[in-house]
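Below is the file model-v5.cif, which contains mmCIF, N, CA and C atoms.
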```
data_data
loop_
_atom_site.label_atom_id
_atom_site.label_comp_id
_atom_site.auth_asym_id
_atom_site.auth_seq_id
_atom_site.Cartn_x
_atom_site.Cartn_y
_atom_site.Cartn_z
N MET A 1149 182.17 -79.64 80.77
CA MET A 1149 181.69 -79.49 79.42
C MET A 1149 181.79 -78.02 79.02
N ALA A 1150 182.19 -77.78 77.80
CA ALA A 1150 182.23 -76.42 77.27
C ALA A 1150 181.39 -76.37 76.01
N VAL A 1151 180.54 -75.37 75.91
CA VAL A 1151 179.72 -75.19 74.72
C VAL A 1151 180.57 -74.49 73.66
N ILE A 1152 180.60 -75.08 72.47
CA ILE A 1152 181.42 -74.51 71.39
C ILE A 1152 180.62 -74.39 70.09
N THR A 1153 179.31 -74.14 70.20
CA THR A 1153 178.47 -74.03 69.01
C THR A 1153 178.94 -72.92 68.07
N ASP A 1154 179.67 -71.96 68.60
CA ASP A 1154 180.14 -70.84 67.79
C ASP A 1154 181.50 -71.07 67.16
N VAL A 1155 182.22 -72.11 67.57
CA VAL A 1155 183.56 -72.34 67.02
C VAL A 1155 183.71 -73.72 66.38
N GLY A 1156 182.63 -74.49 66.35
CA GLY A 1156 182.68 -75.83 65.77
C GLY A 1156 182.77 -75.81 64.25
N GLU A 1157 182.99 -76.98 63.70
CA GLU A 1157 183.10 -77.15 62.25
C GLU A 1157 181.91 -77.97 61.75
N LYS A 1158 181.32 -77.53 60.66
CA LYS A 1158 180.13 -78.21 60.12
C LYS A 1158 180.40 -79.67 59.78
N ASP A 1159 181.51 -79.96 59.17
CA ASP A 1159 181.78 -81.31 58.69
C ASP A 1159 182.92 -82.01 59.44
N ASP A 1160 183.26 -81.51 60.63
CA ASP A 1160 184.36 -82.12 61.40
C ASP A 1160 184.06 -81.98 62.88
N ILE A 1161 184.02 -83.07 63.58
CA ILE A 1161 183.72 -83.04 65.02
C ILE A 1161 184.83 -82.36 65.82
N HIS A 1162 186.01 -82.23 65.25
CA HIS A 1162 187.14 -81.60 65.92
C HIS A 1162 187.28 -80.15 65.46
N PRO A 1163 186.97 -79.17 66.34
CA PRO A 1163 187.06 -77.76 65.92
C PRO A 1163 188.51 -77.35 65.64
N LYS A 1164 188.67 -76.55 64.60
CA LYS A 1164 190.01 -76.03 64.27
C LYS A 1164 190.45 -74.95 65.25
N LYS A 1165 189.48 -74.20 65.79
CA LYS A 1165 189.77 -73.14 66.75
C LYS A 1165 189.89 -73.76 68.15
N LYS A 1166 191.09 -74.08 68.56
CA LYS A 1166 191.32 -74.76 69.84
C LYS A 1166 191.35 -73.80 71.03
N GLU A 1167 191.83 -72.58 70.82
CA GLU A 1167 192.00 -71.65 71.94
C GLU A 1167 190.70 -71.34 72.68
N PRO A 1168 189.58 -71.02 71.99
CA PRO A 1168 188.36 -70.75 72.75
C PRO A 1168 187.86 -71.98 73.51
N VAL A 1169 188.06 -73.15 72.95
CA VAL A 1169 187.64 -74.39 73.63
C VAL A 1169 188.44 -74.54 74.93
N GLY A 1170 189.74 -74.40 74.84
CA GLY A 1170 190.59 -74.50 76.03
C GLY A 1170 190.28 -73.44 77.06
N ALA A 1171 190.03 -72.21 76.61
CA ALA A 1171 189.73 -71.12 77.54
C ALA A 1171 188.43 -71.39 78.29
N ARG A 1172 187.41 -71.92 77.59
CA ARG A 1172 186.14 -72.21 78.25
C ARG A 1172 186.26 -73.39 79.22
N LEU A 1173 187.05 -74.38 78.85
CA LEU A 1173 187.27 -75.50 79.77
C LEU A 1173 188.04 -75.03 81.02
N ALA A 1174 188.99 -74.12 80.81
CA ALA A 1174 189.74 -73.57 81.94
C ALA A 1174 188.81 -72.77 82.87
N LEU A 1175 187.89 -72.00 82.31
CA LEU A 1175 186.92 -71.26 83.12
C LEU A 1175 186.09 -72.23 83.96
N ALA A 1176 185.63 -73.32 83.32
CA ALA A 1176 184.83 -74.31 84.04
C ALA A 1176 185.63 -74.94 85.17
N ALA A 1177 186.89 -75.24 84.93
CA ALA A 1177 187.74 -75.81 85.98
C ALA A 1177 187.90 -74.82 87.14
N ARG A 1178 188.13 -73.57 86.81
CA ARG A 1178 188.30 -72.56 87.85
C ARG A 1178 187.02 -72.41 88.70
N GLY A 1179 185.87 -72.41 88.03
CA GLY A 1179 184.61 -72.22 88.74
C GLY A 1179 184.13 -73.45 89.48
N ILE A 1180 184.24 -74.62 88.86
CA ILE A 1180 183.71 -75.85 89.45
C ILE A 1180 184.73 -76.51 90.38
N ALA A 1181 185.90 -76.81 89.85
CA ALA A 1181 186.90 -77.56 90.63
C ALA A 1181 187.59 -76.71 91.69
N TYR A 1182 187.88 -75.44 91.36
CA TYR A 1182 188.63 -74.60 92.29
C TYR A 1182 187.76 -73.62 93.07
N GLY A 1183 186.46 -73.60 92.77
CA GLY A 1183 185.53 -72.80 93.55
C GLY A 1183 185.65 -71.31 93.40
N GLU A 1184 186.29 -70.82 92.34
CA GLU A 1184 186.38 -69.38 92.13
C GLU A 1184 185.00 -68.82 91.82
N LYS A 1185 184.72 -67.64 92.30
CA LYS A 1185 183.43 -66.99 92.08
C LYS A 1185 183.46 -66.24 90.75
N ILE A 1186 183.43 -67.01 89.66
CA ILE A 1186 183.45 -66.44 88.31
C ILE A 1186 182.32 -67.07 87.51
N GLU A 1187 181.92 -66.40 86.46
CA GLU A 1187 180.95 -66.99 85.53
C GLU A 1187 181.72 -67.91 84.61
N TYR A 1188 181.42 -69.18 84.65
CA TYR A 1188 182.19 -70.17 83.90
C TYR A 1188 181.36 -70.88 82.84
N SER A 1189 180.09 -70.52 82.72
CA SER A 1189 179.21 -71.19 81.77
C SER A 1189 178.32 -70.18 81.08
N GLY A 1190 177.92 -70.52 79.87
CA GLY A 1190 176.89 -69.76 79.20
C GLY A 1190 175.54 -70.14 79.79
N PRO A 1191 174.47 -69.51 79.30
CA PRO A 1191 173.14 -69.80 79.81
C PRO A 1191 172.78 -71.29 79.67
N ILE A 1192 172.23 -71.83 80.74
CA ILE A 1192 171.77 -73.22 80.79
C ILE A 1192 170.27 -73.21 81.08
N TYR A 1193 169.50 -73.90 80.27
CA TYR A 1193 168.05 -73.96 80.45
C TYR A 1193 167.70 -74.45 81.85
N LYS A 1194 166.76 -73.72 82.49
CA LYS A 1194 166.34 -74.06 83.86
C LYS A 1194 164.88 -74.45 83.94
N GLY A 1195 164.02 -73.81 83.14
CA GLY A 1195 162.59 -74.11 83.22
C GLY A 1195 161.78 -73.33 82.21
N MET A 1196 160.54 -73.80 82.01
CA MET A 1196 159.64 -73.16 81.06
C MET A 1196 158.25 -73.04 81.67
N LYS A 1197 157.62 -71.91 81.43
CA LYS A 1197 156.21 -71.69 81.76
C LYS A 1197 155.53 -71.19 80.51
N VAL A 1198 154.26 -71.47 80.38
CA VAL A 1198 153.50 -70.98 79.24
C VAL A 1198 152.66 -69.80 79.70
N ARG A 1199 152.76 -68.71 78.95
CA ARG A 1199 151.98 -67.50 79.21
C ARG A 1199 151.24 -67.15 77.92
N GLY A 1200 149.98 -67.54 77.84
CA GLY A 1200 149.20 -67.31 76.62
C GLY A 1200 149.74 -68.14 75.48
N ASP A 1201 150.16 -67.46 74.40
CA ASP A 1201 150.70 -68.17 73.23
C ASP A 1201 152.23 -68.16 73.21
N LYS A 1202 152.85 -67.84 74.35
CA LYS A 1202 154.31 -67.77 74.44
C LYS A 1202 154.85 -68.76 75.46
N ALA A 1203 156.01 -69.29 75.16
CA ALA A 1203 156.77 -70.09 76.12
C ALA A 1203 157.80 -69.16 76.75
N VAL A 1204 157.83 -69.11 78.06
CA VAL A 1204 158.76 -68.25 78.80
C VAL A 1204 159.85 -69.15 79.37
N LEU A 1205 161.08 -68.94 78.91
CA LEU A 1205 162.20 -69.78 79.31
C LEU A 1205 163.08 -69.08 80.34
N ARG A 1206 163.46 -69.83 81.38
CA ARG A 1206 164.37 -69.33 82.41
C ARG A 1206 165.71 -70.06 82.29
N PHE A 1207 166.77 -69.37 82.69
CA PHE A 1207 168.12 -69.91 82.54
C PHE A 1207 168.95 -69.69 83.81
N GLU A 1208 169.93 -70.54 83.99
CA GLU A 1208 170.98 -70.33 84.98
C GLU A 1208 172.16 -69.69 84.25
N HIS A 1209 173.09 -69.15 84.99
CA HIS A 1209 174.30 -68.53 84.44
C HIS A 1209 173.99 -67.31 83.58
N VAL A 1210 173.14 -66.43 84.12
CA VAL A 1210 172.80 -65.18 83.43
C VAL A 1210 172.93 -63.99 84.37
N ASP A 1211 173.86 -64.07 85.32
CA ASP A 1211 174.01 -62.98 86.29
C ASP A 1211 174.19 -61.62 85.63
N GLY A 1212 174.93 -61.57 84.55
CA GLY A 1212 175.15 -60.31 83.85
C GLY A 1212 174.05 -60.01 82.84
N GLY A 1213 173.18 -60.95 82.57
CA GLY A 1213 172.09 -60.78 81.61
C GLY A 1213 172.30 -61.62 80.36
N LEU A 1214 171.30 -61.60 79.51
CA LEU A 1214 171.32 -62.32 78.24
C LEU A 1214 171.54 -61.34 77.10
N GLU A 1215 172.10 -61.83 76.01
CA GLU A 1215 172.23 -60.98 74.82
C GLU A 1215 172.23 -61.83 73.56
N VAL A 1216 171.95 -61.15 72.46
CA VAL A 1216 171.94 -61.78 71.14
C VAL A 1216 173.31 -61.61 70.52
N GLY A 1217 173.85 -62.68 69.97
CA GLY A 1217 175.16 -62.60 69.32
C GLY A 1217 175.15 -61.67 68.13
N ASP A 1218 174.11 -61.73 67.32
CA ASP A 1218 173.96 -60.85 66.16
C ASP A 1218 172.52 -60.90 65.67
N GLY A 1219 171.95 -59.75 65.39
CA GLY A 1219 170.60 -59.68 64.84
C GLY A 1219 169.53 -60.25 65.76
N GLN A 1220 168.61 -61.02 65.18
CA GLN A 1220 167.52 -61.67 65.92
C GLN A 1220 168.00 -62.99 66.49
N LEU A 1221 167.39 -63.44 67.58
CA LEU A 1221 167.72 -64.75 68.12
C LEU A 1221 167.41 -65.83 67.09
N LYS A 1222 168.29 -66.82 67.00
CA LYS A 1222 168.15 -67.91 66.03
C LYS A 1222 168.21 -69.24 66.75
N GLY A 1223 167.65 -70.26 66.10
CA GLY A 1223 167.81 -71.62 66.58
C GLY A 1223 166.72 -72.13 67.50
N PHE A 1224 165.63 -71.38 67.68
CA PHE A 1224 164.54 -71.80 68.53
C PHE A 1224 163.42 -72.42 67.69
N ALA A 1225 162.90 -73.56 68.15
CA ALA A 1225 161.74 -74.20 67.54
C ALA A 1225 160.72 -74.44 68.65
N ILE A 1226 159.44 -74.42 68.29
CA ILE A 1226 158.36 -74.55 69.26
C ILE A 1226 157.30 -75.49 68.70
N CYS A 1227 156.58 -76.15 69.60
CA CYS A 1227 155.47 -76.99 69.15
C CYS A 1227 154.30 -76.86 70.10
N GLY A 1228 153.13 -77.25 69.57
CA GLY A 1228 151.91 -77.31 70.37
C GLY A 1228 151.61 -78.76 70.71
N PRO A 1229 150.37 -79.04 71.07
CA PRO A 1229 149.99 -80.40 71.44
C PRO A 1229 150.19 -81.44 70.33
N ASP A 1230 150.26 -80.99 69.07
CA ASP A 1230 150.48 -81.93 67.95
C ASP A 1230 151.92 -82.42 67.87
N LYS A 1231 152.82 -81.83 68.66
CA LYS A 1231 154.24 -82.19 68.72
C LYS A 1231 154.98 -81.98 67.40
N LYS A 1232 154.48 -81.07 66.56
CA LYS A 1232 155.14 -80.73 65.30
C LYS A 1232 155.87 -79.42 65.50
N PHE A 1233 157.19 -79.49 65.52
CA PHE A 1233 158.01 -78.31 65.76
C PHE A 1233 158.09 -77.43 64.53
N VAL A 1234 158.02 -76.12 64.76
CA VAL A 1234 158.21 -75.11 63.72
C VAL A 1234 159.22 -74.10 64.24
N TRP A 1235 159.91 -73.43 63.32
CA TRP A 1235 160.85 -72.39 63.74
C TRP A 1235 160.08 -71.28 64.41
N ALA A 1236 160.67 -70.69 65.43
CA ALA A 1236 159.97 -69.73 66.27
C ALA A 1236 160.69 -68.40 66.35
N LYS A 1237 159.92 -67.41 66.75
CA LYS A 1237 160.46 -66.09 67.06
C LYS A 1237 160.83 -66.12 68.54
N ALA A 1238 162.00 -65.62 68.88
CA ALA A 1238 162.43 -65.58 70.27
C ALA A 1238 162.97 -64.19 70.58
N GLU A 1239 162.60 -63.69 71.76
CA GLU A 1239 163.04 -62.36 72.19
C GLU A 1239 163.47 -62.41 73.64
N ILE A 1240 164.50 -61.65 73.95
CA ILE A 1240 164.98 -61.56 75.32
C ILE A 1240 164.15 -60.52 76.07
N GLU A 1241 163.68 -60.90 77.25
CA GLU A 1241 163.01 -59.96 78.17
C GLU A 1241 163.67 -60.13 79.53
N GLY A 1242 164.57 -59.23 79.85
CA GLY A 1242 165.31 -59.33 81.11
C GLY A 1242 166.22 -60.54 81.10
N ASP A 1243 166.01 -61.47 82.03
CA ASP A 1243 166.82 -62.68 82.07
C ASP A 1243 166.05 -63.90 81.56
N LYS A 1244 164.99 -63.65 80.79
CA LYS A 1244 164.18 -64.72 80.23
C LYS A 1244 164.13 -64.59 78.70
N VAL A 1245 163.74 -65.68 78.04
CA VAL A 1245 163.53 -65.65 76.59
C VAL A 1245 162.08 -66.04 76.32
N MET A 1246 161.39 -65.20 75.56
CA MET A 1246 160.00 -65.43 75.17
C MET A 1246 160.02 -66.05 73.77
N VAL A 1247 159.38 -67.21 73.62
CA VAL A 1247 159.39 -67.93 72.35
C VAL A 1247 157.95 -68.11 71.88
N SER A 1248 157.71 -67.82 70.58
CA SER A 1248 156.36 -67.96 70.04
C SER A 1248 156.41 -68.16 68.53
N SER A 1249 155.27 -68.58 68.00
CA SER A 1249 155.08 -68.70 66.56
C SER A 1249 153.61 -68.51 66.27
N PRO A 1250 153.28 -67.83 65.16
CA PRO A 1250 151.87 -67.69 64.80
C PRO A 1250 151.23 -69.05 64.49
N ASP A 1251 152.05 -70.08 64.25
CA ASP A 1251 151.54 -71.41 63.96
C ASP A 1251 151.27 -72.25 65.20
N VAL A 1252 151.60 -71.72 66.38
CA VAL A 1252 151.43 -72.48 67.63
C VAL A 1252 150.65 -71.62 68.63
N ALA A 1253 149.37 -71.96 68.81
CA ALA A 1253 148.52 -71.19 69.73
C ALA A 1253 148.73 -71.61 71.18
N GLN A 1254 149.04 -72.89 71.41
CA GLN A 1254 149.23 -73.41 72.76
C GLN A 1254 150.59 -74.10 72.84
N PRO A 1255 151.63 -73.38 73.22
CA PRO A 1255 152.96 -73.99 73.29
C PRO A 1255 153.02 -75.14 74.30
N VAL A 1256 153.74 -76.19 73.90
CA VAL A 1256 153.94 -77.34 74.76
C VAL A 1256 155.43 -77.56 75.02
N ALA A 1257 156.26 -77.28 74.00
CA ALA A 1257 157.70 -77.53 74.16
C ALA A 1257 158.51 -76.61 73.25
N VAL A 1258 159.76 -76.42 73.64
CA VAL A 1258 160.71 -75.59 72.88
C VAL A 1258 162.02 -76.38 72.76
N ARG A 1259 162.68 -76.20 71.65
CA ARG A 1259 164.03 -76.73 71.46
C ARG A 1259 164.92 -75.58 70.98
N TYR A 1260 166.18 -75.63 71.41
CA TYR A 1260 167.15 -74.60 71.01
C TYR A 1260 168.42 -75.31 70.56
N GLY A 1261 168.87 -74.97 69.36
CA GLY A 1261 170.11 -75.54 68.86
C GLY A 1261 170.01 -77.04 68.64
N TRP A 1262 168.84 -77.51 68.33
CA TRP A 1262 168.59 -78.94 68.23
C TRP A 1262 168.87 -79.41 66.82
N ALA A 1263 170.16 -79.51 66.48
CA ALA A 1263 170.59 -79.92 65.14
C ALA A 1263 172.03 -80.41 65.23
N ASP A 1264 172.49 -81.10 64.20
CA ASP A 1264 173.87 -81.56 64.17
C ASP A 1264 174.86 -80.39 64.17
N PHE A 1265 174.53 -79.35 63.42
CA PHE A 1265 175.37 -78.15 63.37
C PHE A 1265 174.44 -76.94 63.51
N PRO A 1266 174.08 -76.59 64.74
CA PRO A 1266 173.07 -75.55 64.94
C PRO A 1266 173.58 -74.14 64.63
N VAL A 1267 172.67 -73.33 64.12
CA VAL A 1267 172.94 -71.90 63.93
C VAL A 1267 172.20 -71.21 65.07
N VAL A 1268 172.96 -70.78 66.07
CA VAL A 1268 172.40 -70.22 67.30
C VAL A 1268 173.17 -68.97 67.71
N ASN A 1269 172.54 -68.13 68.55
CA ASN A 1269 173.24 -66.91 68.93
C ASN A 1269 172.79 -66.31 70.26
N LEU A 1270 172.39 -67.14 71.21
CA LEU A 1270 172.06 -66.67 72.55
C LEU A 1270 173.31 -66.79 73.43
N TRP A 1271 173.64 -65.68 74.11
CA TRP A 1271 174.84 -65.60 74.94
C TRP A 1271 174.49 -64.96 76.28
N ASN A 1272 175.38 -65.09 77.24
CA ASN A 1272 175.26 -64.25 78.43
C ASN A 1272 176.21 -63.07 78.25
N LYS A 1273 176.10 -62.09 79.14
CA LYS A 1273 176.92 -60.87 79.00
C LYS A 1273 178.40 -61.12 79.26
N GLU A 1274 178.74 -62.30 79.77
CA GLU A 1274 180.14 -62.65 79.99
C GLU A 1274 180.78 -63.18 78.70
N GLY A 1275 179.99 -63.26 77.61
CA GLY A 1275 180.53 -63.70 76.33
C GLY A 1275 180.56 -65.21 76.15
N LEU A 1276 179.68 -65.92 76.86
CA LEU A 1276 179.64 -67.38 76.75
C LEU A 1276 178.33 -67.82 76.12
N PRO A 1277 178.38 -68.74 75.15
CA PRO A 1277 177.17 -69.15 74.43
C PRO A 1277 176.28 -70.08 75.25
N ALA A 1278 174.97 -70.00 74.98
CA ALA A 1278 173.99 -70.87 75.63
C ALA A 1278 174.14 -72.31 75.13
N SER A 1279 173.87 -73.22 76.03
CA SER A 1279 173.91 -74.64 75.68
C SER A 1279 172.63 -75.04 74.95
N PRO A 1280 172.73 -75.83 73.88
CA PRO A 1280 171.51 -76.36 73.26
C PRO A 1280 170.70 -77.16 74.27
N PHE A 1281 169.36 -77.15 74.09
CA PHE A 1281 168.50 -77.86 75.03
C PHE A 1281 167.16 -78.19 74.38
N ARG A 1282 166.43 -79.03 75.10
CA ARG A 1282 165.03 -79.31 74.74
C ARG A 1282 164.23 -79.31 76.04
N THR A 1283 162.99 -78.82 75.97
CA THR A 1283 162.14 -78.80 77.15
C THR A 1283 161.27 -80.04 77.23
N ASP A 1284 161.29 -80.86 76.20
CA ASP A 1284 160.41 -82.02 76.10
C ASP A 1284 161.19 -83.32 76.29
N ASP A 1285 160.43 -84.40 76.37
CA ASP A 1285 161.03 -85.73 76.36
C ASP A 1285 160.32 -86.61 75.34
N PHE A 1286 159.82 -85.98 74.27
CA PHE A 1286 159.15 -86.71 73.19
C PHE A 1286 160.13 -87.66 72.52
N PRO A 1287 159.62 -88.73 71.91
CA PRO A 1287 160.51 -89.55 71.09
C PRO A 1287 161.13 -88.68 69.99
N MET A 1288 162.34 -89.00 69.60
CA MET A 1288 163.06 -88.17 68.62
C MET A 1288 162.33 -88.11 67.28
N ILE A 1289 162.17 -86.89 66.82
CA ILE A 1289 161.64 -86.62 65.48
C ILE A 1289 162.55 -85.60 64.84
N THR A 1290 162.48 -85.46 63.56
CA THR A 1290 163.41 -84.58 62.84
C THR A 1290 163.14 -83.11 63.14
N ALA A 1291 164.12 -82.30 62.86
CA ALA A 1291 164.02 -80.85 63.05
C ALA A 1291 163.07 -80.27 62.01
N PRO A 1292 162.52 -79.08 62.27
CA PRO A 1292 161.64 -78.45 61.29
C PRO A 1292 162.36 -78.17 59.98
N LYS A 1293 161.63 -78.23 58.89
CA LYS A 1293 162.18 -77.96 57.57
C LYS A 1293 162.42 -76.47 57.44
N LYS A 1294 163.47 -76.09 56.70
CA LYS A 1294 163.77 -74.67 56.48
C LYS A 1294 163.01 -74.16 55.29
#
```

Do you think you could lay out the structure here as structure tokens?
Amino acid sequence: MAVITDVGEKDDIHPKKKEPVGARLALAARGIAYGEKIEYSGPIYKGMKVRGDKAVLRFEHVDGGLEVGDGQLKGFAICGPDKKFVWAKAEIEGDKVMVSSPDVAQPVAVRYGWADFPVVNLWNKEGLPASPFRTDDFPMITAPKK
């Protein structure tokens, strides 16, 4: 699988930019099938802990570190025990992402890129985008309103 959230098309499941898709699939083949010691994936969600009013997210595939594609991190939503997701502030701290919202005092779950056409910008230092994820297994509900 190759993450292409940065090269996809809003109204077409088939991205027009084929070269980055092929290059990422080739990296995955080299790393997984051929066993080369290369970074072949963007950040993949590994786990979450709650620290006060923040959700602390850990990732795999961040050997070189995490970075923001542009400006502030985008595409993170958080909820408390009420299971009502709101857009959240997210910041990189080392190889972790801290997620919070003034509307959520006790975080329970986080979602990233959880939309049909997500606007997201978390990358690893190798230039590969993070995969969308959810930390919960709640029944599906709609994304937060903008």

Target residues per the PyMOL selection byres ((chain A and resi 1226-1241) around 6), formatted as a ChimeraX atom specification | /A:1221,1224-1225,1242-1249,1252,1254-1259,1292

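For chain A, backbone-based DSSP labels the following residues as helix (DSSP H, G or I): Lys1166, Glu1167, Pro1168, Val1169, Gly1170, Ala1171, Arg1172, Leu1173, Ala1174, Leu1175, Ala1176, Ala1177, Arg1178, Gly1179, Ile1180 and Ala1181 of chain A.
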
Wanna dump the segment 1217-1281 of chain A-segment 1187-1197 of chain A contacts at 7 Å for me, each residue with its shortest atom pair and the distance in Å to one decimal, counting only C-alpha atoms, ordered by chain and number, as JSON lines?
```
{"residue": "A:Trp1271", "atom": "CA", "partner": "A:Gly1190", "partner_atom": "CA", "distance": 6.3}
{"residue": "A:Asn1272", "atom": "CA", "partner": "A:Gly1190", "partner_atom": "CA", "distance": 5.8}
{"residue": "A:Leu1276", "atom": "CA", "partner": "A:Gly1190", "partner_atom": "CA", "distance": 4.4}
{"residue": "A:Pro1277", "atom": "CA", "partner": "A:Gly1190", "partner_atom": "CA", "distance": 4.8}
{"residue": "A:Ala1278", "atom": "CA", "partner": "A:Pro1191", "partner_atom": "CA", "distance": 4.4}
{"residue": "A:Ser1279", "atom": "CA", "partner": "A:Ile1192", "partner_atom": "CA", "distance": 5.7}
{"residue": "A:Phe1281", "atom": "CA", "partner": "A:Tyr1193", "partner_atom": "CA", "distance": 6.7}
```

Can you list, as an MDAnalysis selection string, every residue of segment 1150-1275 of chain A that DSSP puts in strand (DSSP E)?
-> chainID A and resid 1192:1199 1202:1208 1214:1216 1224:1227 1234:1235 1237:1241 1244:1248 1257:1260 1270:1272

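Atom CA of Gly1183 of chain A is positioned 28.4 Å from atom CA of Val1216 of chain A.
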
Among the residues A:Leu1205, A:Lys1166, A:Pro1280, A:Leu1270, the one that comes closest to Asp1218 of chain A [using all atoms listed in the file] = A:Leu1270

In Å, with one decimal, what is the gap from atom CA of Asp1251 of chain A to atom C of Lys1202 of chain A?
-> 12.3 Å

Name the residues that the PyMOL selection byres ((chain A and resi 1155) around 8) picks from the file above, as number ranges by chain, using the file's chain letters and numbers.
-> A: 1151-1154, 1156-1158, 1162-1166, 1168-1169

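With atom C of Val1268 of chain A on one side and atom C of Arg1282 of chain A on the other, the separation reads 16.0 Å.
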
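Shortest atom-to-atom contact with Tyr1260 of chain A among A:Gly1223, A:Val1204, A:Glu1167, A:Asp1211: A:Gly1223, counting only N, CA and C atoms.
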
Hey, could you patch up segment 1256-1272 of chain A with N, CA, C and O atoms and hand it over as a compact mmCIF listing (two decimals), keeping the file's coordinate frame?
```
# COMPACT_ATOMS: atom_id res chain seq x y z
N VAL A 1256 153.74 -76.19 73.90
CA VAL A 1256 153.94 -77.34 74.76
C VAL A 1256 155.43 -77.56 75.02
O VAL A 1256 155.81 -77.95 76.12
N ALA A 1257 156.26 -77.28 74.00
CA ALA A 1257 157.70 -77.53 74.16
C ALA A 1257 158.51 -76.61 73.25
O ALA A 1257 158.01 -76.12 72.24
N VAL A 1258 159.76 -76.42 73.64
CA VAL A 1258 160.71 -75.59 72.88
C VAL A 1258 162.02 -76.38 72.76
O VAL A 1258 162.41 -77.09 73.68
N ARG A 1259 162.68 -76.20 71.65
CA ARG A 1259 164.03 -76.73 71.46
C ARG A 1259 164.92 -75.58 70.98
O ARG A 1259 164.48 -74.72 70.23
N TYR A 1260 166.18 -75.63 71.41
CA TYR A 1260 167.15 -74.60 71.01
C TYR A 1260 168.42 -75.31 70.56
O TYR A 1260 168.98 -76.14 71.28
N GLY A 1261 168.87 -74.97 69.36
CA GLY A 1261 170.11 -75.54 68.86
C GLY A 1261 170.01 -77.04 68.64
O GLY A 1261 171.00 -77.74 68.75
N TRP A 1262 168.84 -77.51 68.33
CA TRP A 1262 168.59 -78.94 68.23
C TRP A 1262 168.87 -79.41 66.82
O TRP A 1262 167.97 -79.67 66.02
N ALA A 1263 170.16 -79.51 66.48
CA ALA A 1263 170.59 -79.92 65.14
C ALA A 1263 172.03 -80.41 65.23
O ALA A 1263 172.72 -80.15 66.23
N ASP A 1264 172.49 -81.10 64.20
CA ASP A 1264 173.87 -81.56 64.17
C ASP A 1264 174.86 -80.39 64.17
O ASP A 1264 175.90 -80.45 64.81
N PHE A 1265 174.53 -79.35 63.42
CA PHE A 1265 175.37 -78.15 63.37
C PHE A 1265 174.44 -76.94 63.51
O PHE A 1265 174.04 -76.33 62.52
N PRO A 1266 174.08 -76.59 64.74
CA PRO A 1266 173.07 -75.55 64.94
C PRO A 1266 173.58 -74.14 64.63
O PRO A 1266 174.74 -73.84 64.87
N VAL A 1267 172.67 -73.33 64.12
CA VAL A 1267 172.94 -71.90 63.93
C VAL A 1267 172.20 -71.21 65.07
O VAL A 1267 170.97 -71.11 65.07
N VAL A 1268 172.96 -70.78 66.07
CA VAL A 1268 172.40 -70.22 67.30
C VAL A 1268 173.17 -68.97 67.71
O VAL A 1268 174.31 -68.79 67.30
N ASN A 1269 172.54 -68.13 68.55
CA ASN A 1269 173.24 -66.91 68.93
C ASN A 1269 172.79 -66.31 70.26
O ASN A 1269 172.81 -65.11 70.44
N LEU A 1270 172.39 -67.14 71.21
CA LEU A 1270 172.06 -66.67 72.55
C LEU A 1270 173.31 -66.79 73.43
O LEU A 1270 173.93 -67.84 73.49
N TRP A 1271 173.64 -65.68 74.11
CA TRP A 1271 174.84 -65.60 74.94
C TRP A 1271 174.49 -64.96 76.28
O TRP A 1271 173.45 -64.31 76.41
N ASN A 1272 175.38 -65.09 77.24
CA ASN A 1272 175.26 -64.25 78.43
C ASN A 1272 176.21 -63.07 78.25
O ASN A 1272 177.01 -63.04 77.32
```
